[in-house]
Amino acid sequence: MKKHFLFLVSCILLLNSCTSVIQVTVPNGSQLVVVDAFMDNSPNPQIVRLTFNANYFSNVSTPPVLGATVGLTDLTNAKTYSFTPDGNGNYIYTPGVNDSMAQLHHKYQLNISYNGNTYNAVSTLNRTMAIDTIAFEIATGPNYNLVPLSDTTKPRKFYPYVYAFDSTGPIHDYYWLKVFKNGVFYNQPQQLDIFEDGGYGHNYDSDSLNPQYTFNGLTSDDNPIYRNDVCMVQAYSINSNTFDFLTQMKSQMTNAQNGLFAVTPQNVKTNIQQTNGTLQAIGWFNIGEISSKSVIAK
Amino acid sequence: MKKLVIILIIILSPLFWRGAGGEAFAQQRSVSGYVKDAKNGEMLIGVSVYEKGTTNGVNTNAYGFYSLVLPAGKHTIMVSYLGYATQSMDIELNDKGITKNFELADEANSLNEVVVSSEREDHNVKSVEMSVAKLDIKQISRIPALLGEVDIIRAIQLLPGVTTMGEGSSGVNVRGGNIDQNLILLDEAPVYNASHLFGFFSIFNPDAVKDVKLIKGGIPSQYGGRLSAILDIRMKEGNSKNLQITGGIGTIFSRLSIEGPLIKNKMSFIVAARRSYIDILAKPILKKKEPQLGDLVFYFYDLTAKLNYRVNEKNNLFLSGYLGQDKFGAGFSFKYGNATTSLRWNHLFNDKLFLNTTAFYSNYNYGLGFTNGGTNQSFNWTSNIINYSVKPDFTYYLNNKNTMHFGGQGIMLQFEPGQAIVTASDGTTTNISEANKYGLESALYIDDEIKINSRSNIQFGIRYSLFDYMGPGNRYDYYDTIPNNAKRIKDTVAFSSGKSIAHYGNWEPRLSYKLDLTDNSSFKASYNRTAQYLMLVSNTAASTPLDIWTPVTNNIKPQIADQVAAGYFKNLHENMFESSVEVYYKNLQNQLDYIDNANLLLNKYYESQLLQGKGKAYGAEFYFKKTKGKLNGWVSYTYSRTLRQINGLSNNEWYPSKYDRPNNLAVVLNYDFNKRWNVSCNFVYISGTPNTFPDSKIQIQGYTVNYNTSNMRNNFRNPAYNRLDFSATYNFKKNDKRRWQSSIVFSVYNAYDRKNAFAVYFQAVPNNANQTQAVKYTVVGTVIPAVTYNFKF
């Protein structure tokens, strides 16, 4: 909400502040391995995606890293799991329904080796919270003026409100809430919503409960939820440093919208440790518990 | 305490030096007094008072006082000031000093007339002062201004060595210093944020300002507490002869000031106010375009007032105050403002010893809040910095070759970094406030200005500054870590009220030297060390009024700067042209920067996010000014660099600071067609601000994120800034019967519609994660015409 101060000031002063896309030339960056490992306790295929970075203005997706070896060790019970490459940069392990790979409070180490370089990363599987209720506010038009239900001339947009209850107590919990429409994830950077306990930041000392969560991503009015669409909300538990990482990632991705409060561009951190070799790796590993709820918009 | 005693002895000892630097004539007597403007009784600052045909002379101080020590006998005294007719007076000094007050008349209607040259318009060359820029309010009012509003800070930006981060950023950068490294004094009280509307305007009402002086180098020892520069702004005392009303009606805000005598020639006052009203005008338009801004709050105001009382020949009292606030909101609210009060007492012990004692109170407040419409949810945050200070300052006119300043200062500082309340939807509130912090900054200083011979002057001084970071409060101890990572908290130690948590002291030597090369040219050199105990914590691209001020702590060391500067000054054509070249080099210690992805807002462990390291700044400043004639104005060009080296950042190599802008050109031209019309234009070109550009992208969870594999900070530059402005002023015919005077100013800002970059961001194209782009953000994206009507009666 603080974002648009300068825009607002400029607008009111009739200074006509604006943004425009400009051409800049930047040199090619040096090569890095990028680890993208977000796993959960569901029976679905667990994917570690390995890519290289790409030149900034290359307009292609980042190239896959092929020929790597990927494994996961449960440090709590010393079990190991090996991931199979799909030839496209994804390394997959499918636990199936009765598998017990992902266990609450266990500590995991991800092991990667590629061309004589070895990397590892650790993450602990934390608890998540249950989604209690998904409610909808029904609206129409770009200015979310509510219209009476009797007015059937306009298609109704459904804005989801999510109620979930964070556990109180001295332990801090961190979540990534993901919203899907008919199975499609709302993947815009400003729709990346993460929480520490009931609040948005690290600085809440208490376990204040703020159970109502309004999904902000839809106010831009693209891809709204209509009647009979399936809205699914997932609560995925993350580590405290994953919370920081995702905060950094979001802030870098949405910097352009921060106007006056934009920070200087900075590199996001990584939790990938290099144990051998010269090819540097960055990226993130997190393993978490997942809970979800689906509701049909009525 | 022992240290303090030693310093006191050092400071007082010169009182016994009496003869230092001069012929210790037993019969030396002084002529002393005040110099005023004949029209309105304002005391004039920096007037030359000198003995005709000699180099014996002094300048009036900030209160218009002078004391010229001469041998007994007959003398002709000249009093000269730029823009005023020079006066001369024959005096005879016998066994007692004499008092002579002068009233100088404006060189009335000097337009179109040949200005009689007065000998002492060569202050820039003859004075030991260097790296000083003075602007008088008449000059400032001629510069074409944004939305037609005369503005002091915007005028200063056209001087050599001064840059900003662009429209919409608060503060100025002087000689490679951060904005928090300038001490801004309004009638001697510090102002923490001198901007209205994020820096579009400054808080100083031009109708109430008398004198503006920017000191970039050779900083005299009476000033301290900031590294880079002193901006000393003095308010008018108020017309002591007649009631006068001045005002203006502009596009954004209107001004009105009233000044006049309360007791003729004894007590006068000035009250000046400004209030913006654009919100009222813009509301209907906005309501249509952006209905969610319906509950818009958007305004600023300021009120400046001063009362002065001439108790008797030996005592003067001045009470000045400023109150200003900016407030914006629409669903959220955002506010900031300053309040200052200063009481000053001038006392003449005798005709040679002048004392000014200032006591001030200053309060800077800022806050942010939002409410979630329809629910109980809200967030409210307010923050304050409160100062109380006493500052005695003595000037001792020993003889015509030796003037001495000495004194001290104590400032009690109270930081209230964040009173923050979060209200949840169920009405429960959480207090996430941070504890207050306390500090005591004190200093003692002395300096001496000595005329070595007819060609050279030297001013040398020393300041000892002390800072105590005091309880009640916590000392946080952190574990060491790899630089550029947040430090982990190790221990928290509570301190009770008045106990010192961290303590620092610094000697700050100051030295300036002038040598006349010819009658109209001189060489000057200076060295100064400055120490700074308060800093602004901000990792946004440009500073915002929400940035947090912090004192030095056990984890944050004081910043120290050593500056050497040298310059050549020459006036041509009987002072019609002034020119100067100055070079400087600064070595900076403990400069502040931040770890990558620092989290500073409302974080009580913010110290864990800070890094300190080395800095250096250097540059050459060229200034050429035509002071008189139909066509007048100046050209200023600066080449400068400002670099940092901080372990953990930019591979531990030197990198440009975020305000490193090597080329800086400003051209200001005024042309007087006749008594009615004059036109002005100015052009500015500044290198773009440094920026960290990504050289590659990475993809995580389907998101595309920028990445800079070189790890170098500020490795590129945003496009250069340039702008052309025009203005034309029409002065309405004066009515001889009435005192009404008025003028209308037409101005065009950003005349060729340059879309200057405030910042450049990098992002993926919305809905296409594979395509990335660089986006330029422009604050002033159009040509801005404006009309302002000014009046006076």
# chains A, B, ... in the order shown; residues from 1 in each chain; ligands from 1
call {"tool": "residues_around", "arguments": {"residues": "Gln46 in chain A", "least_positions_apart": "5", "cutoff": "7 Å", "atoms": "only C-alpha atoms", "output": "list in words"}}
result
Met39, Ile92, Tyr93 and Thr94 of chain A
call {"tool": "select_by_dssp", "arguments": {"residues": "range 205-319 of chain B", "states": "helix (DSSP H, G or I)", "output": "list of chain:residue names"}}
result
B:Pro206, B:Asp207, B:Ala208, B:Ile278, B:Asp279, B:Ile280, B:Leu281, B:Ala282, B:Lys283, B:Pro284, B:Ile285, B:Leu286, B:Lys287, B:Lys288, B:Lys289, B:Pro291, B:Gln292, B:Leu293
call {"tool": "closest_residue", "arguments": {"among": "A:Val184, A:Ile287, A:Val34, A:Ala235", "to": "Thr270 in chain A", "atoms": "only C-alpha atoms"}}
result
A:Val34
call {"tool": "residues_around", "arguments": {"residues": "Tyr585 in chain B", "least_positions_apart": "4", "cutoff": "9 Å", "atoms": "only C-alpha atoms", "output": "ChimeraX atom specification"}}
result
/B:562-565,616-619
call {"tool": "write_last_selection", "arguments": {"atoms": "C-alpha atoms", "output": "mmCIF file, in the first residue's frame"}}
result
data_model
loop_
_atom_site.group_PDB
_atom_site.id
_atom_site.type_symbol
_atom_site.label_atom_id
_atom_site.label_comp_id
_atom_site.auth_asym_id
_atom_site.auth_seq_id
_atom_site.Cartn_x
_atom_site.Cartn_y
_atom_site.Cartn_z
ATOM 1 C CA ASP B 562 39.286 14.358 6.526
ATOM 2 C CA GLN B 563 39.086 16.863 3.732
ATOM 3 C CA VAL B 564 41.816 18.854 2.034
ATOM 4 C CA ALA B 565 40.850 21.498 -0.485
ATOM 5 C CA LYS B 616 36.890 8.456 -0.563
ATOM 6 C CA ALA B 617 35.635 11.389 -2.551
ATOM 7 C CA TYR B 618 37.470 13.804 -4.790
ATOM 8 C CA GLY B 619 36.636 16.398 -7.366
#
call {"tool": "closest_atom_pairs", "arguments": {"of": "chain B", "to": "chain A", "cutoff": "6 Å", "atoms": "only C-alpha atoms", "output": "tab-separated table"}}
result
residue	atom	partner	partner_atom	distance
B:Ala424	CA	A:Asn210	CA	5.9
B:Asn539	CA	A:Val263	CA	5.9
B:Thr540	CA	A:Val263	CA	4.0
B:Ala541	CA	A:Val263	CA	5.0
B:Asp596	CA	A:Gln266	CA	5.8
B:Thr692	CA	A:Pro265	CA	5.8
B:Asp695	CA	A:Gly29	CA	4.9
B:Ser696	CA	A:Tyr56	CA	4.0
B:Lys697	CA	A:Tyr56	CA	5.2
B:Ile698	CA	A:Asn53	CA	4.9
B:Ile700	CA	A:Asp36	CA	5.4
B:Tyr707	CA	A:Asn267	CA	5.6
B:Thr709	CA	A:Gly29	CA	5.5
B:Tyr761	CA	A:Ala256	CA	5.4
B:Gln763	CA	A:Met253	CA	5.9
B:Asn770	CA	A:Ser61	CA	5.1
B:Gln771	CA	A:Asn59	CA	4.5
B:Thr772	CA	A:Phe57	CA	5.9
B:Ala774	CA	A:Ile22	CA	5.7
B:Val775	CA	A:Val21	CA	4.4
B:Lys776	CA	A:Ser20	CA	5.3
B:Tyr777	CA	A:Thr19	CA	4.4
B:Thr778	CA	A:Cys18	CA	5.2
B:Val779	CA	A:Ser17	CA	4.2
B:Val780	CA	A:Leu15	CA	5.0
B:Gly781	CA	A:Ser17	CA	5.0
call {"tool": "write_last_selection", "arguments": {"atoms": "N, CA and C atoms", "output": "PDB file, in the first residue's frame"}}
result
ATOM      1  N   ALA B 424      -5.578  -6.323  14.856  1.00  0.00           N
ATOM      2  CA  ALA B 424      -6.046  -7.439  14.048  1.00  0.00           C
ATOM      3  C   ALA B 424      -7.539  -7.282  13.787  1.00  0.00           C
ATOM      4  N   ASN B 539      18.166   1.757   2.865  1.00  0.00           N
ATOM      5  CA  ASN B 539      18.710   1.003   1.731  1.00  0.00           C
ATOM      6  C   ASN B 539      17.844   1.129   0.493  1.00  0.00           C
ATOM      7  N   THR B 540      16.957   2.119   0.493  1.00  0.00           N
ATOM      8  CA  THR B 540      16.190   2.357  -0.732  1.00  0.00           C
ATOM      9  C   THR B 540      17.065   3.115  -1.717  1.00  0.00           C
ATOM     10  N   ALA B 541      16.679   3.068  -2.999  1.00  0.00           N
ATOM     11  CA  ALA B 541      17.502   3.685  -4.039  1.00  0.00           C
ATOM     12  C   ALA B 541      17.690   5.168  -3.760  1.00  0.00           C
ATOM     13  N   ASP B 596      23.224  -7.304   1.667  1.00  0.00           N
ATOM     14  CA  ASP B 596      22.229  -7.539   0.634  1.00  0.00           C
ATOM     15  C   ASP B 596      20.927  -7.973   1.293  1.00  0.00           C
ATOM     16  N   THR B 692      22.922  -1.139  -9.857  1.00  0.00           N
ATOM     17  CA  THR B 692      23.421  -2.499 -10.028  1.00  0.00           C
ATOM     18  C   THR B 692      22.542  -3.191 -11.068  1.00  0.00           C
ATOM     19  N   ASP B 695      23.287  -9.255 -14.797  1.00  0.00           N
ATOM     20  CA  ASP B 695      23.820  -9.723 -16.078  1.00  0.00           C
ATOM     21  C   ASP B 695      23.182 -11.040 -16.487  1.00  0.00           C
ATOM     22  N   SER B 696      22.379 -11.614 -15.571  1.00  0.00           N
ATOM     23  CA  SER B 696      21.721 -12.846 -15.976  1.00  0.00           C
ATOM     24  C   SER B 696      20.431 -13.030 -15.193  1.00  0.00           C
ATOM     25  N   LYS B 697      19.675 -14.041 -15.572  1.00  0.00           N
ATOM     26  CA  LYS B 697      18.442 -14.354 -14.866  1.00  0.00           C
ATOM     27  C   LYS B 697      18.484 -15.807 -14.427  1.00  0.00           C
ATOM     28  N   ILE B 698      17.796 -16.083 -13.346  1.00  0.00           N
ATOM     29  CA  ILE B 698      17.674 -17.459 -12.894  1.00  0.00           C
ATOM     30  C   ILE B 698      16.182 -17.754 -12.738  1.00  0.00           C
ATOM     31  N   ILE B 700      13.351 -19.950 -10.551  1.00  0.00           N
ATOM     32  CA  ILE B 700      13.065 -20.760  -9.374  1.00  0.00           C
ATOM     33  C   ILE B 700      11.559 -20.819  -9.179  1.00  0.00           C
ATOM     34  N   TYR B 707      19.866 -11.752 -11.560  1.00  0.00           N
ATOM     35  CA  TYR B 707      21.060 -12.140 -10.830  1.00  0.00           C
ATOM     36  C   TYR B 707      22.270 -11.449 -11.442  1.00  0.00           C
ATOM     37  N   THR B 709      26.013 -11.902 -11.654  1.00  0.00           N
ATOM     38  CA  THR B 709      27.052 -12.886 -11.340  1.00  0.00           C
ATOM     39  C   THR B 709      28.384 -12.223 -11.000  1.00  0.00           C
ATOM     40  N   TYR B 761      14.586  -0.264 -13.199  1.00  0.00           N
ATOM     41  CA  TYR B 761      14.327  -1.565 -12.577  1.00  0.00           C
ATOM     42  C   TYR B 761      14.378  -2.654 -13.621  1.00  0.00           C
ATOM     43  N   GLN B 763      12.807  -6.483 -14.568  1.00  0.00           N
ATOM     44  CA  GLN B 763      11.733  -7.399 -14.198  1.00  0.00           C
ATOM     45  C   GLN B 763      11.352  -8.272 -15.389  1.00  0.00           C
ATOM     46  N   ASN B 770       9.747 -15.751 -19.356  1.00  0.00           N
ATOM     47  CA  ASN B 770      10.992 -15.895 -20.103  1.00  0.00           C
ATOM     48  C   ASN B 770      11.512 -14.586 -20.660  1.00  0.00           C
ATOM     49  N   GLN B 771      10.635 -13.586 -20.723  1.00  0.00           N
ATOM     50  CA  GLN B 771      11.079 -12.321 -21.296  1.00  0.00           C
ATOM     51  C   GLN B 771      11.319 -11.310 -20.192  1.00  0.00           C
ATOM     52  N   THR B 772      12.467 -10.681 -20.235  1.00  0.00           N
ATOM     53  CA  THR B 772      12.821  -9.725 -19.184  1.00  0.00           C
ATOM     54  C   THR B 772      13.027  -8.357 -19.805  1.00  0.00           C
ATOM     55  N   ALA B 774      14.134  -3.902 -18.944  1.00  0.00           N
ATOM     56  CA  ALA B 774      14.593  -2.829 -18.068  1.00  0.00           C
ATOM     57  C   ALA B 774      13.545  -1.726 -18.146  1.00  0.00           C
ATOM     58  N   VAL B 775      13.088  -1.280 -16.975  1.00  0.00           N
ATOM     59  CA  VAL B 775      12.018  -0.284 -16.934  1.00  0.00           C
ATOM     60  C   VAL B 775      12.538   0.981 -16.275  1.00  0.00           C
ATOM     61  N   LYS B 776      12.360   2.073 -16.972  1.00  0.00           N
ATOM     62  CA  LYS B 776      12.789   3.366 -16.441  1.00  0.00           C
ATOM     63  C   LYS B 776      11.604   4.019 -15.752  1.00  0.00           C
ATOM     64  N   TYR B 777      11.826   4.519 -14.579  1.00  0.00           N
ATOM     65  CA  TYR B 777      10.767   5.195 -13.833  1.00  0.00           C
ATOM     66  C   TYR B 777      11.054   6.689 -13.826  1.00  0.00           C
ATOM     67  N   THR B 778      10.106   7.460 -14.327  1.00  0.00           N
ATOM     68  CA  THR B 778      10.277   8.906 -14.444  1.00  0.00           C
ATOM     69  C   THR B 778       9.284   9.594 -13.528  1.00  0.00           C
ATOM     70  N   VAL B 779       9.746  10.545 -12.766  1.00  0.00           N
ATOM     71  CA  VAL B 779       8.842  11.236 -11.849  1.00  0.00           C
ATOM     72  C   VAL B 779       8.175  12.428 -12.531  1.00  0.00           C
ATOM     73  N   VAL B 780       8.999  13.256 -13.183  1.00  0.00           N
ATOM     74  CA  VAL B 780       8.427  14.395 -13.907  1.00  0.00           C
ATOM     75  C   VAL B 780       8.440  14.013 -15.375  1.00  0.00           C
ATOM     76  N   GLY B 781       7.298  13.597 -15.876  1.00  0.00           N
ATOM     77  CA  GLY B 781       7.240  13.038 -17.216  1.00  0.00           C
ATOM     78  C   GLY B 781       6.591  13.967 -18.210  1.00  0.00           C
TER      79      GLY B 781
END
call {"tool": "closest_residue", "arguments": {"among": "B:Leu588, B:Ile548, B:Leu348, B:Ala62", "to": "Tyr606 in chain B", "atoms": "only C-alpha atoms"}}
result
B:Ile548
call {"tool": "decode", "arguments": {"residues": "range 472-532 of chain B", "atoms": "C-alpha atoms", "output": "short mmCIF file (atom, residue, chain, number, x, y, z; two decimals), in the first residue's frame"}}
result
data_model
loop_
_atom_site.label_atom_id
_atom_site.label_comp_id
_atom_site.auth_asym_id
_atom_site.auth_seq_id
_atom_site.Cartn_x
_atom_site.Cartn_y
_atom_site.Cartn_z
CA PRO B 472 17.78 3.53 29.52
CA GLY B 473 18.30 1.09 26.72
CA ASN B 474 19.77 -2.20 25.65
CA ARG B 475 23.19 -2.96 24.36
CA TYR B 476 23.00 -5.68 21.74
CA ASP B 477 26.05 -7.86 21.22
CA TYR B 478 26.33 -9.88 18.05
CA TYR B 479 28.40 -12.81 16.91
CA ASP B 480 30.91 -12.09 14.19
CA THR B 481 29.96 -13.50 10.86
CA ILE B 482 31.07 -13.55 7.24
CA PRO B 483 30.53 -9.94 6.09
CA ASN B 484 27.33 -9.43 4.10
CA ASN B 485 25.38 -11.85 6.30
CA ALA B 486 23.08 -10.74 9.08
CA LYS B 487 24.85 -11.00 12.44
CA ARG B 488 23.33 -13.33 14.99
CA ILE B 489 22.40 -11.86 18.36
CA LYS B 490 24.62 -13.08 21.19
CA ASP B 491 23.58 -11.08 24.20
CA THR B 492 21.33 -8.26 25.32
CA VAL B 493 22.51 -6.12 28.23
CA ALA B 494 20.10 -3.64 29.81
CA PHE B 495 21.36 -0.24 30.95
CA SER B 496 19.54 2.03 33.35
CA SER B 497 18.86 5.70 32.84
CA GLY B 498 21.93 7.88 32.34
CA LYS B 499 24.41 4.98 32.14
CA SER B 500 26.72 5.15 29.16
CA ILE B 501 26.26 2.27 26.70
CA ALA B 502 28.86 3.49 24.23
CA HIS B 503 31.12 6.50 24.33
CA TYR B 504 33.19 8.18 21.63
CA GLY B 505 35.35 11.30 21.42
CA ASN B 506 37.17 12.94 18.53
CA TRP B 507 39.58 15.83 18.03
CA GLU B 508 38.66 17.74 14.92
CA PRO B 509 41.36 20.11 13.67
CA ARG B 510 40.37 22.81 11.18
CA LEU B 511 42.65 25.01 9.13
CA SER B 512 42.17 27.57 6.34
CA TYR B 513 44.73 29.74 4.62
CA LYS B 514 44.47 32.54 2.08
CA LEU B 515 47.20 34.22 0.07
CA ASP B 516 46.51 37.18 -2.22
CA LEU B 517 48.35 36.63 -5.49
CA THR B 518 47.37 39.93 -7.06
CA ASP B 519 44.84 42.64 -6.25
CA ASN B 520 42.03 40.55 -7.62
CA SER B 521 43.15 36.98 -7.27
CA SER B 522 44.02 34.68 -4.42
CA PHE B 523 45.00 31.15 -3.54
CA LYS B 524 43.29 29.36 -0.66
CA ALA B 525 43.79 26.02 1.00
CA SER B 526 42.04 24.25 3.84
CA TYR B 527 41.98 21.08 5.85
CA ASN B 528 39.28 19.89 8.13
CA ARG B 529 38.34 16.82 10.08
CA THR B 530 34.71 16.27 10.95
CA ALA B 531 33.01 13.57 13.02
CA GLN B 532 29.41 12.44 12.86
#
